[in-house]
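One file, target_15.pdb, is given below (PDB, C-alpha atoms, pLDDT in the B column).
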```pdb
ATOM      1  CA  MET A 254    -147.945  -3.056-109.797  1.00 46.00           C
ATOM      2  CA  ARG A 255    -146.963   0.602-110.058  1.00 50.00           C
ATOM      3  CA  ASP A 256    -144.545   1.821-112.701  1.00 55.00           C
ATOM      4  CA  GLN A 257    -140.893   2.306-111.652  1.00 61.00           C
ATOM      5  CA  GLU A 258    -140.948   5.974-112.746  1.00 66.00           C
ATOM      6  CA  ASP A 259    -144.122   6.853-110.805  1.00 66.00           C
ATOM      7  CA  PRO A 260    -143.246   9.645-108.327  1.00 66.00           C
ATOM      8  CA  GLU A 261    -146.100   8.530-106.057  1.00 68.00           C
ATOM      9  CA  ARG A 262    -144.756   5.032-105.484  1.00 74.00           C
ATOM     10  CA  GLU A 263    -143.363   4.034-102.121  1.00 82.00           C
ATOM     11  CA  LEU A 264    -139.565   3.839-101.876  1.00 77.00           C
ATOM     12  CA  ASN A 265    -138.049   0.553-100.803  1.00 86.00           C
ATOM     13  CA  ALA A 266    -135.427   0.393 -98.050  1.00 88.00           C
ATOM     14  CA  TYR A 267    -132.491   0.573-100.461  1.00 88.00           C
ATOM     15  CA  GLU A 268    -133.878   3.671-102.194  1.00 87.00           C
ATOM     16  CA  ARG A 269    -134.604   5.371 -98.858  1.00 87.00           C
ATOM     17  CA  ILE A 270    -130.998   4.819 -97.747  1.00 88.00           C
ATOM     18  CA  LEU A 271    -129.671   6.176-101.053  1.00 88.00           C
ATOM     19  CA  ALA A 272    -131.930   9.234-100.798  1.00 87.00           C
ATOM     20  CA  GLU A 273    -130.712   9.898 -97.252  1.00 89.00           C
ATOM     21  CA  ASP A 274    -127.072   9.507 -98.323  1.00 87.00           C
ATOM     22  CA  ARG A 275    -127.582  11.974-101.166  1.00 88.00           C
ATOM     23  CA  ARG A 276    -129.180  14.469 -98.795  1.00 88.00           C
ATOM     24  CA  VAL A 277    -126.222  14.195 -96.397  1.00 86.00           C
ATOM     25  CA  VAL A 278    -123.719  14.727 -99.215  1.00 83.00           C
ATOM     26  CA  ARG A 279    -125.652  17.777-100.486  1.00 80.00           C
ATOM     27  CA  GLU A 280    -125.627  19.261 -96.985  1.00 81.00           C
ATOM     28  CA  MET A 281    -121.924  18.518 -96.573  1.00 76.00           C
ATOM     29  CA  PHE A 282    -120.955  20.281 -99.814  1.00 74.00           C
ATOM     30  CA  ARG A 283    -123.384  23.185 -99.493  1.00 79.00           C
ATOM     31  CA  VAL A 284    -121.714  26.596 -99.752  1.00 81.00           C
ATOM     32  CA  THR A 285    -123.110  29.872 -98.455  1.00 85.00           C
ATOM     33  CA  MET A 286    -122.534  33.502 -99.298  1.00 89.00           C
ATOM     34  CA  GLY A 287    -121.041  34.040 -95.825  1.00 89.00           C
ATOM     35  CA  GLY A 288    -118.490  31.311 -96.456  1.00 89.00           C
ATOM     36  CA  ALA A 289    -117.681  32.883 -99.816  1.00 92.00           C
ATOM     37  CA  HIS A 290    -117.080  36.266 -98.168  1.00 94.00           C
ATOM     38  CA  VAL A 291    -114.710  34.597 -95.702  1.00 93.00           C
ATOM     39  CA  GLY A 292    -112.950  32.897 -98.614  1.00 93.00           C
ATOM     40  CA  LEU A 293    -112.502  36.222-100.394  1.00 95.00           C
ATOM     41  CA  GLY A 294    -111.144  37.800 -97.212  1.00 95.00           C
ATOM     42  CA  LEU A 295    -108.688  34.954 -96.666  1.00 94.00           C
ATOM     43  CA  LEU A 296    -107.571  35.190-100.259  1.00 93.00           C
ATOM     44  CA  VAL A 297    -106.997  38.942 -99.988  1.00 94.00           C
ATOM     45  CA  LEU A 298    -104.919  38.344 -96.853  1.00 95.00           C
ATOM     46  CA  ALA A 299    -102.901  35.647 -98.630  1.00 92.00           C
ATOM     47  CA  VAL A 300    -102.241  37.923-101.613  1.00 92.00           C
ATOM     48  CA  LEU A 301    -101.193  40.766 -99.317  1.00 93.00           C
ATOM     49  CA  LEU A 302     -98.925  38.408 -97.395  1.00 92.00           C
ATOM     50  CA  SER A 303     -97.360  37.149-100.605  1.00 90.00           C
ATOM     51  CA  ALA A 304     -96.827  40.766-101.702  1.00 91.00           C
ATOM     52  CA  GLY A 305     -95.063  41.512 -98.427  1.00 91.00           C
ATOM     53  CA  VAL A 306     -92.918  38.397 -98.419  1.00 91.00           C
ATOM     54  CA  GLY A 307     -92.306  37.608-102.079  1.00 87.00           C
ATOM     55  CA  GLY A 308     -92.849  40.906-103.817  1.00 88.00           C
ATOM     56  CA  VAL A 309     -95.444  42.334-106.124  1.00 90.00           C
ATOM     57  CA  ARG A 310     -94.848  39.760-108.862  1.00 91.00           C
ATOM     58  CA  TRP A 311     -96.010  36.904-106.632  1.00 88.00           C
ATOM     59  CA  ALA A 312     -99.051  38.858-105.494  1.00 90.00           C
ATOM     60  CA  LEU A 313    -100.012  39.707-109.079  1.00 92.00           C
ATOM     61  CA  SER A 314     -99.608  36.124-110.228  1.00 91.00           C
ATOM     62  CA  ALA A 315    -101.662  34.769-107.306  1.00 90.00           C
ATOM     63  CA  GLY A 316    -104.357  37.413-107.760  1.00 91.00           C
ATOM     64  CA  GLY A 317    -104.338  36.876-111.515  1.00 93.00           C
ATOM     65  CA  ALA A 318    -104.832  33.153-111.075  1.00 94.00           C
ATOM     66  CA  VAL A 319    -107.890  33.761-108.909  1.00 93.00           C
ATOM     67  CA  VAL A 320    -109.295  36.321-111.349  1.00 94.00           C
ATOM     68  CA  ALA A 321    -108.762  33.842-114.195  1.00 96.00           C
ATOM     69  CA  TRP A 322    -110.507  31.098-112.192  1.00 95.00           C
ATOM     70  CA  PHE A 323    -113.445  33.437-111.510  1.00 96.00           C
ATOM     71  CA  ALA A 324    -113.653  34.392-115.214  1.00 97.00           C
ATOM     72  CA  VAL A 325    -113.647  30.758-116.334  1.00 96.00           C
ATOM     73  CA  THR A 326    -116.265  29.900-113.735  1.00 95.00           C
ATOM     74  CA  LEU A 327    -118.429  32.828-114.843  1.00 95.00           C
ATOM     75  CA  VAL A 328    -118.212  31.737-118.492  1.00 96.00           C
ATOM     76  CA  VAL A 329    -119.222  28.179-117.569  1.00 95.00           C
ATOM     77  CA  VAL A 330    -122.109  29.392-115.406  1.00 95.00           C
ATOM     78  CA  VAL A 331    -123.390  31.667-118.174  1.00 95.00           C
ATOM     79  CA  ARG A 332    -123.105  28.887-120.763  1.00 95.00           C
ATOM     80  CA  ARG A 333    -125.182  26.644-118.500  1.00 94.00           C
ATOM     81  CA  GLY A 334    -128.051  29.137-118.519  1.00 91.00           C
ATOM     82  CA  ARG A 335    -127.596  31.544-115.615  1.00 90.00           C
ATOM     83  CA  ARG A 336    -127.746  35.246-116.407  1.00 92.00           C
ATOM     84  CA  GLY A 337    -126.967  38.570-114.749  1.00 92.00           C
ATOM     85  CA  ARG A 338    -126.552  38.828-111.010  1.00 93.00           C
ATOM     86  CA  ASP A 339    -127.476  35.189-110.544  1.00 93.00           C
ATOM     87  CA  ALA A 340    -124.549  34.131-112.756  1.00 94.00           C
ATOM     88  CA  VAL A 341    -122.118  36.391-110.900  1.00 94.00           C
ATOM     89  CA  ALA A 342    -123.373  35.146-107.522  1.00 94.00           C
ATOM     90  CA  ARG A 343    -123.016  31.502-108.589  1.00 92.00           C
ATOM     91  CA  ALA A 344    -119.480  32.094-109.923  1.00 94.00           C
ATOM     92  CA  TYR A 345    -118.602  33.927-106.677  1.00 94.00           C
ATOM     93  CA  LEU A 346    -119.856  30.981-104.622  1.00 92.00           C
ATOM     94  CA  LEU A 347    -117.950  28.491-106.754  1.00 90.00           C
ATOM     95  CA  THR A 348    -114.740  30.534-106.558  1.00 92.00           C
ATOM     96  CA  PHE A 349    -114.691  31.549-102.893  1.00 93.00           C
ATOM     97  CA  GLY A 350    -117.218  29.271-101.182  1.00 89.00           C
ATOM     98  CA  TRP A 351    -114.537  26.768-100.112  1.00 87.00           C
ATOM     99  CA  ALA A 352    -113.974  28.736 -96.902  1.00 85.00           C
ATOM    100  CA  GLY A 353    -117.324  27.571 -95.554  1.00 79.00           C
ATOM    101  CA  TRP A 354    -115.793  24.104 -95.158  1.00 78.00           C
ATOM    102  CA  LEU A 355    -112.971  25.277 -92.879  1.00 77.00           C
TER
END
```

Could you write out this structure as structure tokens?
Amino acid sequence: MRDQEDPERELNAYERILAEDRRVVREMFRVTMGGAHVGLGLLVLAVLLSAGVGGVRWALSAGGAVVAWFAVTLVVVVRRGRRGRDAVARAYLLTFGWAGWL
């Protein structure tokens, strides 16, 4: 009998279903750079709208919250081992990539 940890072993039906479910979830939550650009654009429009309707204070607080979220995300990404442009790109995707799901 083959060892449970052997990567060459054949998956049983239960494991095949779990692997397929995981693949579907990964595809569902995948974010792209295009979606992140759309998210940034929508956020800029929302901040400009809040500046027009509520004044500059609301726009600065909304923009500041997003900048703070991006900074925290960048720190976490760097602490997890990413560096340079790759870290900035990952933080950008995590901050603005939500628009790809719209």

Rows by chain and residue number, range 258-321 of chain A within 12 Å of range 331-343 of chain A, shortest pair, all atoms listed in the file, as JSON lines:
```
{"residue": "A:Val284", "atom": "CA", "partner": "A:Arg343", "partner_atom": "CA", "distance": 10.2}
{"residue": "A:Thr285", "atom": "CA", "partner": "A:Arg343", "partner_atom": "CA", "distance": 10.3}
{"residue": "A:Met286", "atom": "CA", "partner": "A:Ala342", "partner_atom": "CA", "distance": 8.4}
{"residue": "A:Gly287", "atom": "CA", "partner": "A:Ala342", "partner_atom": "CA", "distance": 12.0}
{"residue": "A:Ala289", "atom": "CA", "partner": "A:Ala342", "partner_atom": "CA", "distance": 9.8}
{"residue": "A:His290", "atom": "CA", "partner": "A:Ala342", "partner_atom": "CA", "distance": 11.3}
```

Atom pair CA of Leu347 in chain A / CA of Leu271 in chain A: separation (Å):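 Atom-to-atom, CA of Leu347 in chain A and CA of Leu271 in chain A are spaced 25.8 Å apart.
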
Given all atoms listed in the file as the counted atoms, nearest of A:Val300, A:Asp274, A:Val330, A:Arg279 to Gly317 in chain A: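 Nearest to Gly317 in chain A: A:Val300.
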
Straight-line distance linking CA of Val319 in chain A with CA of Gly353 in chain A, stated in Å to one decimal: 17.5 Å

CA of Ala344 in chain A to CA of Ala312 in chain A, straight-line distance in Å: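 So the two atoms, CA of Ala312 in chain A and CA of Ala344 in chain A, lie 22.0 Å apart.
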
Residue nearest Thr326 in chain A among A:Leu346, A:Leu298, A:Leu264, A:Val291 (counting only C-alpha atoms):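 The closest residue to Thr326 in chain A is A:Leu346.
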
Neighbour list for Gly316 in chain A as a ChimeraX atom specification, cut-off 12 Å, only C-alpha atoms, skip fewer than 2 positions in-chain: /A:293,296-304,309-314,318-323

Kindly output range 299-321 of chain A as a PDB file, keeping the file's coordinate frame, after building N, CA, C and O atoms.
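The result, written out as rebuild03.pdb:
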```pdb
ATOM      1  N   ALA A 299    -103.988  36.454 -98.073  1.00 92.00           N
ATOM      2  CA  ALA A 299    -102.901  35.647 -98.630  1.00 92.00           C
ATOM      3  C   ALA A 299    -102.155  36.412 -99.729  1.00 92.00           C
ATOM      4  O   ALA A 299    -100.924  36.346 -99.804  1.00 92.00           O
ATOM      5  N   VAL A 300    -102.891  37.142-100.556  1.00 92.00           N
ATOM      6  CA  VAL A 300    -102.241  37.923-101.613  1.00 92.00           C
ATOM      7  C   VAL A 300    -101.427  39.054-100.999  1.00 92.00           C
ATOM      8  O   VAL A 300    -100.299  39.320-101.432  1.00 92.00           O
ATOM      9  N   LEU A 301    -101.958  39.709 -99.982  1.00 93.00           N
ATOM     10  CA  LEU A 301    -101.193  40.766 -99.317  1.00 93.00           C
ATOM     11  C   LEU A 301     -99.951  40.206 -98.630  1.00 93.00           C
ATOM     12  O   LEU A 301     -98.873  40.825 -98.666  1.00 93.00           O
ATOM     13  N   LEU A 302    -100.073  39.050 -98.027  1.00 92.00           N
ATOM     14  CA  LEU A 302     -98.925  38.408 -97.395  1.00 92.00           C
ATOM     15  C   LEU A 302     -97.877  38.030 -98.437  1.00 92.00           C
ATOM     16  O   LEU A 302     -96.682  38.235 -98.220  1.00 92.00           O
ATOM     17  N   SER A 303     -98.319  37.501 -99.559  1.00 90.00           N
ATOM     18  CA  SER A 303     -97.360  37.149-100.605  1.00 90.00           C
ATOM     19  C   SER A 303     -96.710  38.387-101.193  1.00 90.00           C
ATOM     20  O   SER A 303     -95.546  38.343-101.598  1.00 90.00           O
ATOM     21  N   ALA A 304     -97.420  39.511-101.228  1.00 91.00           N
ATOM     22  CA  ALA A 304     -96.827  40.766-101.702  1.00 91.00           C
ATOM     23  C   ALA A 304     -95.768  41.243-100.718  1.00 91.00           C
ATOM     24  O   ALA A 304     -94.712  41.742-101.134  1.00 91.00           O
ATOM     25  N   GLY A 305     -96.026  41.083 -99.432  1.00 91.00           N
ATOM     26  CA  GLY A 305     -95.063  41.512 -98.427  1.00 91.00           C
ATOM     27  C   GLY A 305     -93.838  40.627 -98.366  1.00 91.00           C
ATOM     28  O   GLY A 305     -92.724  41.100 -98.168  1.00 91.00           O
ATOM     29  N   VAL A 306     -94.024  39.339 -98.545  1.00 91.00           N
ATOM     30  CA  VAL A 306     -92.918  38.397 -98.419  1.00 91.00           C
ATOM     31  C   VAL A 306     -92.183  38.209 -99.748  1.00 91.00           C
ATOM     32  O   VAL A 306     -90.959  38.281 -99.805  1.00 91.00           O
ATOM     33  N   GLY A 307     -92.935  37.973-100.810  1.00 87.00           N
ATOM     34  CA  GLY A 307     -92.306  37.608-102.079  1.00 87.00           C
ATOM     35  C   GLY A 307     -92.232  38.713-103.100  1.00 87.00           C
ATOM     36  O   GLY A 307     -91.636  38.534-104.150  1.00 87.00           O
ATOM     37  N   GLY A 308     -92.864  39.818-102.850  1.00 88.00           N
ATOM     38  CA  GLY A 308     -92.849  40.906-103.817  1.00 88.00           C
ATOM     39  C   GLY A 308     -94.140  40.986-104.604  1.00 88.00           C
ATOM     40  O   GLY A 308     -95.021  40.126-104.516  1.00 88.00           O
ATOM     41  N   VAL A 309     -94.219  42.041-105.376  1.00 90.00           N
ATOM     42  CA  VAL A 309     -95.444  42.334-106.124  1.00 90.00           C
ATOM     43  C   VAL A 309     -95.698  41.296-107.211  1.00 90.00           C
ATOM     44  O   VAL A 309     -96.850  40.971-107.506  1.00 90.00           O
ATOM     45  N   ARG A 310     -94.651  40.754-107.800  1.00 91.00           N
ATOM     46  CA  ARG A 310     -94.848  39.760-108.862  1.00 91.00           C
ATOM     47  C   ARG A 310     -95.634  38.548-108.359  1.00 91.00           C
ATOM     48  O   ARG A 310     -96.513  38.054-109.059  1.00 91.00           O
ATOM     49  N   TRP A 311     -95.292  38.056-107.179  1.00 88.00           N
ATOM     50  CA  TRP A 311     -96.010  36.904-106.632  1.00 88.00           C
ATOM     51  C   TRP A 311     -97.457  37.251-106.326  1.00 88.00           C
ATOM     52  O   TRP A 311     -98.362  36.441-106.563  1.00 88.00           O
ATOM     53  N   ALA A 312     -97.681  38.446-105.806  1.00 90.00           N
ATOM     54  CA  ALA A 312     -99.051  38.858-105.494  1.00 90.00           C
ATOM     55  C   ALA A 312     -99.874  38.991-106.771  1.00 90.00           C
ATOM     56  O   ALA A 312    -101.037  38.570-106.816  1.00 90.00           O
ATOM     57  N   LEU A 313     -99.285  39.566-107.819  1.00 92.00           N
ATOM     58  CA  LEU A 313    -100.012  39.707-109.079  1.00 92.00           C
ATOM     59  C   LEU A 313    -100.295  38.356-109.721  1.00 92.00           C
ATOM     60  O   LEU A 313    -101.381  38.148-110.278  1.00 92.00           O
ATOM     61  N   SER A 314     -99.359  37.441-109.634  1.00 91.00           N
ATOM     62  CA  SER A 314     -99.608  36.124-110.228  1.00 91.00           C
ATOM     63  C   SER A 314    -100.673  35.356-109.441  1.00 91.00           C
ATOM     64  O   SER A 314    -101.529  34.696-110.039  1.00 91.00           O
ATOM     65  N   ALA A 315    -100.645  35.451-108.118  1.00 90.00           N
ATOM     66  CA  ALA A 315    -101.662  34.769-107.306  1.00 90.00           C
ATOM     67  C   ALA A 315    -103.034  35.403-107.530  1.00 90.00           C
ATOM     68  O   ALA A 315    -104.028  34.702-107.728  1.00 90.00           O
ATOM     69  N   GLY A 316    -103.088  36.724-107.509  1.00 91.00           N
ATOM     70  CA  GLY A 316    -104.357  37.413-107.760  1.00 91.00           C
ATOM     71  C   GLY A 316    -104.856  37.170-109.171  1.00 91.00           C
ATOM     72  O   GLY A 316    -106.060  36.979-109.398  1.00 91.00           O
ATOM     73  N   GLY A 317    -103.946  37.149-110.133  1.00 93.00           N
ATOM     74  CA  GLY A 317    -104.338  36.876-111.515  1.00 93.00           C
ATOM     75  C   GLY A 317    -104.892  35.485-111.701  1.00 93.00           C
ATOM     76  O   GLY A 317    -105.827  35.272-112.483  1.00 93.00           O
ATOM     77  N   ALA A 318    -104.325  34.522-110.995  1.00 94.00           N
ATOM     78  CA  ALA A 318    -104.832  33.153-111.075  1.00 94.00           C
ATOM     79  C   ALA A 318    -106.266  33.073-110.549  1.00 94.00           C
ATOM     80  O   ALA A 318    -107.114  32.397-111.139  1.00 94.00           O
ATOM     81  N   VAL A 319    -106.536  33.777-109.469  1.00 93.00           N
ATOM     82  CA  VAL A 319    -107.890  33.761-108.909  1.00 93.00           C
ATOM     83  C   VAL A 319    -108.863  34.476-109.837  1.00 93.00           C
ATOM     84  O   VAL A 319    -109.993  34.020-110.055  1.00 93.00           O
ATOM     85  N   VAL A 320    -108.434  35.595-110.400  1.00 94.00           N
ATOM     86  CA  VAL A 320    -109.295  36.321-111.349  1.00 94.00           C
ATOM     87  C   VAL A 320    -109.574  35.448-112.571  1.00 94.00           C
ATOM     88  O   VAL A 320    -110.705  35.405-113.072  1.00 94.00           O
ATOM     89  N   ALA A 321    -108.563  34.737-113.053  1.00 96.00           N
ATOM     90  CA  ALA A 321    -108.762  33.842-114.195  1.00 96.00           C
ATOM     91  C   ALA A 321    -109.732  32.715-113.839  1.00 96.00           C
ATOM     92  O   ALA A 321    -110.611  32.372-114.642  1.00 96.00           O
TER      93      ALA A 321
END
```
